[in-house]
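A.B. asks: The structure's right below; bear with me while I get my questions together.
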Amino acid sequence: ILESYAFRIAIETAALGQAGYSVDAVELARLRAAHEALMRRPVGEVTPQLWFEVNSTFHETLASWSRNRFFLQAVRRQNMLRRMHQFADFWELELEQILQSCRDHLAILAALDRGDRQHAVQLLVAHLAEAAQDWEGQAPEVAGSP
């Protein structure tokens, strides 16, 4: 899982750095609305499926705006790989973790909406690094690692 986050930081930020990167205003508005709606839901109405859908769609859409199918394919593959552990671990998430992730996503979207991709990349790195830190305490020790 930690290797996956390192890979995602590399791939997703590289996608944002592509020369042809172009934000679709309609999709951006749709992403923003989905996150805001999720944040307004009562705790019991946020299901693993809903959370995964909003989260994975966000990351895939950012990659799709690179206009490079290989970045999008890599992000989709990562989403498929993380689906099982995200569903299994959903019930251990605190509501604040979900809300913070939504706030992170909204901040990234706001930076992209302003045309500030450099700031969006910084926010995306921080967002993914924070998610990885949640796993660090759970990672089994690998033989031969420091």
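All residue names refer to the structure tokens as shown: chains lettered A, B, ... in order, residues numbered from 1 in each chain, ligands numbered from 1 in order.
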Which residues are close to Val121 of chain A, i.e. within 10 Å by only C-alpha atoms, leaving aside same-chain residues fewer than 5 positions away? Reply as a ChimeraX atom specification.

C.D. replies: /A:9,12-17,108,111-112,116,126-127

A.B. asks: Please provide as a short mmCIF file (atom, residue, chain, number, x, y, z; two decimals) with all heavy atoms, in the first residue's frame all residues within 12 Å of Leu38 of chain A, with the sequence filter that same-chain residues fewer than 6 positions apart are discarded (counting only C-alpha atoms).

C.D. replies:
data_model
loop_
_atom_site.label_atom_id
_atom_site.label_comp_id
_atom_site.auth_asym_id
_atom_site.auth_seq_id
_atom_site.Cartn_x
_atom_site.Cartn_y
_atom_site.Cartn_z
N LEU A 31 -17.32 17.56 -9.99
CA LEU A 31 -16.50 17.04 -8.89
C LEU A 31 -16.74 17.85 -7.62
O LEU A 31 -16.89 17.28 -6.53
CB LEU A 31 -15.02 17.07 -9.26
CG LEU A 31 -14.53 16.07 -10.29
CD1 LEU A 31 -13.07 16.35 -10.64
CD2 LEU A 31 -14.69 14.65 -9.78
N ARG A 32 -16.73 19.15 -7.76
CA ARG A 32 -16.94 20.03 -6.61
C ARG A 32 -18.30 19.72 -5.97
O ARG A 32 -18.40 19.57 -4.74
CB ARG A 32 -16.86 21.48 -7.06
CG ARG A 32 -16.91 22.47 -5.92
CD ARG A 32 -16.72 23.89 -6.42
NE ARG A 32 -15.32 24.15 -6.65
CZ ARG A 32 -14.83 24.89 -7.64
NH1 ARG A 32 -15.64 25.45 -8.51
NH2 ARG A 32 -13.55 25.09 -7.75
N GLY A 44 -24.25 8.28 8.81
CA GLY A 44 -24.74 6.95 8.43
C GLY A 44 -25.05 6.78 6.96
O GLY A 44 -25.22 5.67 6.48
N GLU A 45 -25.12 7.88 6.23
CA GLU A 45 -25.43 7.82 4.80
C GLU A 45 -24.19 7.81 3.91
O GLU A 45 -24.31 7.73 2.70
CB GLU A 45 -26.34 8.97 4.40
CG GLU A 45 -27.74 8.86 4.98
CD GLU A 45 -28.63 10.00 4.52
OE1 GLU A 45 -28.31 10.66 3.51
OE2 GLU A 45 -29.66 10.22 5.19
N VAL A 46 -23.01 7.92 4.49
CA VAL A 46 -21.78 7.84 3.71
C VAL A 46 -21.37 6.38 3.70
O VAL A 46 -20.91 5.83 4.70
CB VAL A 46 -20.67 8.73 4.30
CG1 VAL A 46 -19.39 8.59 3.49
CG2 VAL A 46 -21.11 10.18 4.35
N THR A 47 -21.58 5.76 2.55
CA THR A 47 -21.28 4.33 2.41
C THR A 47 -19.89 4.13 1.80
O THR A 47 -19.36 5.05 1.17
CB THR A 47 -22.31 3.66 1.48
OG1 THR A 47 -22.18 4.23 0.17
CG2 THR A 47 -23.74 3.84 2.00
N PRO A 48 -19.33 2.93 1.95
CA PRO A 48 -18.03 2.68 1.31
C PRO A 48 -18.09 2.90 -0.20
O PRO A 48 -17.16 3.45 -0.79
CB PRO A 48 -17.74 1.21 1.64
CG PRO A 48 -18.57 0.90 2.82
CD PRO A 48 -19.78 1.80 2.74
N GLN A 49 -19.18 2.48 -0.82
CA GLN A 49 -19.32 2.63 -2.28
C GLN A 49 -19.34 4.11 -2.68
O GLN A 49 -18.65 4.51 -3.62
CB GLN A 49 -20.59 1.94 -2.78
CG GLN A 49 -20.83 2.08 -4.27
CD GLN A 49 -19.75 1.43 -5.11
OE1 GLN A 49 -19.23 0.38 -4.77
NE2 GLN A 49 -19.37 2.06 -6.22
N LEU A 50 -20.11 4.90 -1.96
CA LEU A 50 -20.19 6.33 -2.27
C LEU A 50 -18.83 6.99 -2.08
O LEU A 50 -18.37 7.74 -2.94
CB LEU A 50 -21.23 7.01 -1.37
CG LEU A 50 -21.32 8.53 -1.50
CD1 LEU A 50 -21.72 8.94 -2.91
CD2 LEU A 50 -22.29 9.08 -0.47
N TRP A 51 -18.17 6.71 -0.95
CA TRP A 51 -16.87 7.32 -0.69
C TRP A 51 -15.86 6.92 -1.75
O TRP A 51 -15.14 7.75 -2.29
CB TRP A 51 -16.38 6.93 0.71
CG TRP A 51 -14.97 7.32 0.94
CD1 TRP A 51 -13.95 6.51 1.32
CD2 TRP A 51 -14.38 8.62 0.78
NE1 TRP A 51 -12.77 7.22 1.41
CE2 TRP A 51 -13.01 8.53 1.08
CE3 TRP A 51 -14.88 9.86 0.39
CZ2 TRP A 51 -12.15 9.61 1.01
CZ3 TRP A 51 -14.02 10.94 0.33
CH2 TRP A 51 -12.67 10.81 0.64
N PHE A 52 -15.82 5.63 -2.10
CA PHE A 52 -14.86 5.17 -3.10
C PHE A 52 -15.14 5.82 -4.45
O PHE A 52 -14.22 6.24 -5.15
CB PHE A 52 -14.88 3.64 -3.23
CG PHE A 52 -13.81 3.14 -4.15
CD1 PHE A 52 -12.51 3.00 -3.71
CD2 PHE A 52 -14.11 2.85 -5.47
CE1 PHE A 52 -11.51 2.56 -4.56
CE2 PHE A 52 -13.12 2.42 -6.34
CZ PHE A 52 -11.81 2.27 -5.88
N GLU A 53 -16.40 5.92 -4.81
CA GLU A 53 -16.77 6.50 -6.10
C GLU A 53 -16.34 7.97 -6.20
O GLU A 53 -15.74 8.38 -7.19
CB GLU A 53 -18.28 6.38 -6.34
CG GLU A 53 -18.74 6.83 -7.69
CD GLU A 53 -18.18 5.99 -8.84
OE1 GLU A 53 -17.94 4.79 -8.64
OE2 GLU A 53 -17.97 6.56 -9.93
N VAL A 54 -16.65 8.75 -5.19
CA VAL A 54 -16.28 10.17 -5.21
C VAL A 54 -14.76 10.32 -5.24
O VAL A 54 -14.21 11.10 -6.02
CB VAL A 54 -16.89 10.91 -4.00
CG1 VAL A 54 -16.32 12.32 -3.84
CG2 VAL A 54 -18.42 10.98 -4.13
N ASN A 55 -14.09 9.54 -4.41
CA ASN A 55 -12.63 9.62 -4.30
C ASN A 55 -11.94 9.17 -5.59
O ASN A 55 -11.07 9.87 -6.12
CB ASN A 55 -12.19 8.76 -3.11
CG ASN A 55 -10.75 8.97 -2.72
OD1 ASN A 55 -10.13 9.96 -3.04
ND2 ASN A 55 -10.22 8.00 -2.01
N LEU A 95 -14.96 10.07 10.57
CA LEU A 95 -15.65 11.02 9.70
C LEU A 95 -14.72 12.17 9.34
O LEU A 95 -14.70 12.64 8.21
CB LEU A 95 -16.92 11.55 10.37
CG LEU A 95 -17.67 12.64 9.60
CD1 LEU A 95 -18.13 12.12 8.24
CD2 LEU A 95 -18.83 13.16 10.41
N ILE A 98 -12.57 11.53 6.28
CA ILE A 98 -13.32 11.67 5.02
C ILE A 98 -13.51 13.16 4.70
O ILE A 98 -13.28 13.60 3.58
CB ILE A 98 -14.67 10.94 5.09
CG1 ILE A 98 -14.42 9.42 5.18
CG2 ILE A 98 -15.54 11.27 3.90
CD1 ILE A 98 -15.65 8.60 5.48
N LEU A 99 -13.91 13.92 5.71
CA LEU A 99 -14.12 15.36 5.50
C LEU A 99 -12.82 16.05 5.11
O LEU A 99 -12.81 16.91 4.22
CB LEU A 99 -14.72 16.00 6.75
CG LEU A 99 -16.14 15.56 7.12
CD1 LEU A 99 -16.56 16.17 8.45
CD2 LEU A 99 -17.13 15.90 6.02
N GLN A 100 -11.70 15.67 5.75
CA GLN A 100 -10.42 16.29 5.41
C GLN A 100 -10.02 15.94 3.99
O GLN A 100 -9.51 16.79 3.25
CB GLN A 100 -9.32 15.86 6.39
CG GLN A 100 -7.99 16.55 6.12
CD GLN A 100 -8.09 18.06 6.16
OE1 GLN A 100 -8.61 18.63 7.12
NE2 GLN A 100 -7.59 18.74 5.13
N SER A 101 -10.25 14.72 3.59
CA SER A 101 -9.94 14.32 2.22
C SER A 101 -10.77 15.14 1.23
O SER A 101 -10.25 15.62 0.21
CB SER A 101 -10.20 12.83 2.02
OG SER A 101 -9.80 12.43 0.74
N CYS A 102 -12.04 15.34 1.55
CA CYS A 102 -12.90 16.17 0.69
C CYS A 102 -12.39 17.61 0.64
O CYS A 102 -12.34 18.22 -0.44
CB CYS A 102 -14.34 16.14 1.17
SG CYS A 102 -15.21 14.60 0.83
N ARG A 103 -11.99 18.14 1.79
CA ARG A 103 -11.45 19.51 1.81
C ARG A 103 -10.16 19.59 0.98
O ARG A 103 -9.96 20.57 0.25
CB ARG A 103 -11.19 19.96 3.25
CG ARG A 103 -12.46 20.27 4.03
CD ARG A 103 -12.19 20.94 5.37
NE ARG A 103 -11.54 20.07 6.32
CZ ARG A 103 -12.16 19.33 7.25
NH1 ARG A 103 -13.48 19.34 7.32
NH2 ARG A 103 -11.47 18.59 8.08
N LEU A 106 -11.19 19.59 -2.65
CA LEU A 106 -11.77 20.88 -3.03
C LEU A 106 -10.68 21.95 -3.18
O LEU A 106 -10.76 22.79 -4.08
CB LEU A 106 -12.83 21.30 -2.02
CG LEU A 106 -14.13 20.48 -2.07
CD1 LEU A 106 -15.01 20.81 -0.86
CD2 LEU A 106 -14.88 20.69 -3.37
#

A.B. asks: Give me the residues near Leu72 of chain A as a PyMOL selection string, where near means some atom within 10 Å (using only C-alpha atoms) and where sequence neighbours in that chain fewer than 3 positions away do not count.

C.D. replies: chain A and resi 11-12+15+59-69+75-78

A.B. asks: Among chain A, which residues carry a DSSP assignment of alpha helix (DSSP H), reported as an MDAnalysis selection string?

C.D. replies: chainID A and resid 2:16 25:40 48:64 69:89 95:113 117:136

A.B. asks: Of the candidates A:Ala129, A:Ala25, A:Val43, A:Ala120, which shows the shortest atom-to-atom distance to Glu96 of chain A, using only C-alpha atoms?

C.D. replies: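 Comparing A:Ala129, A:Ala25, A:Val43, A:Ala120 against Glu96 of chain A, the winner is A:Val43.
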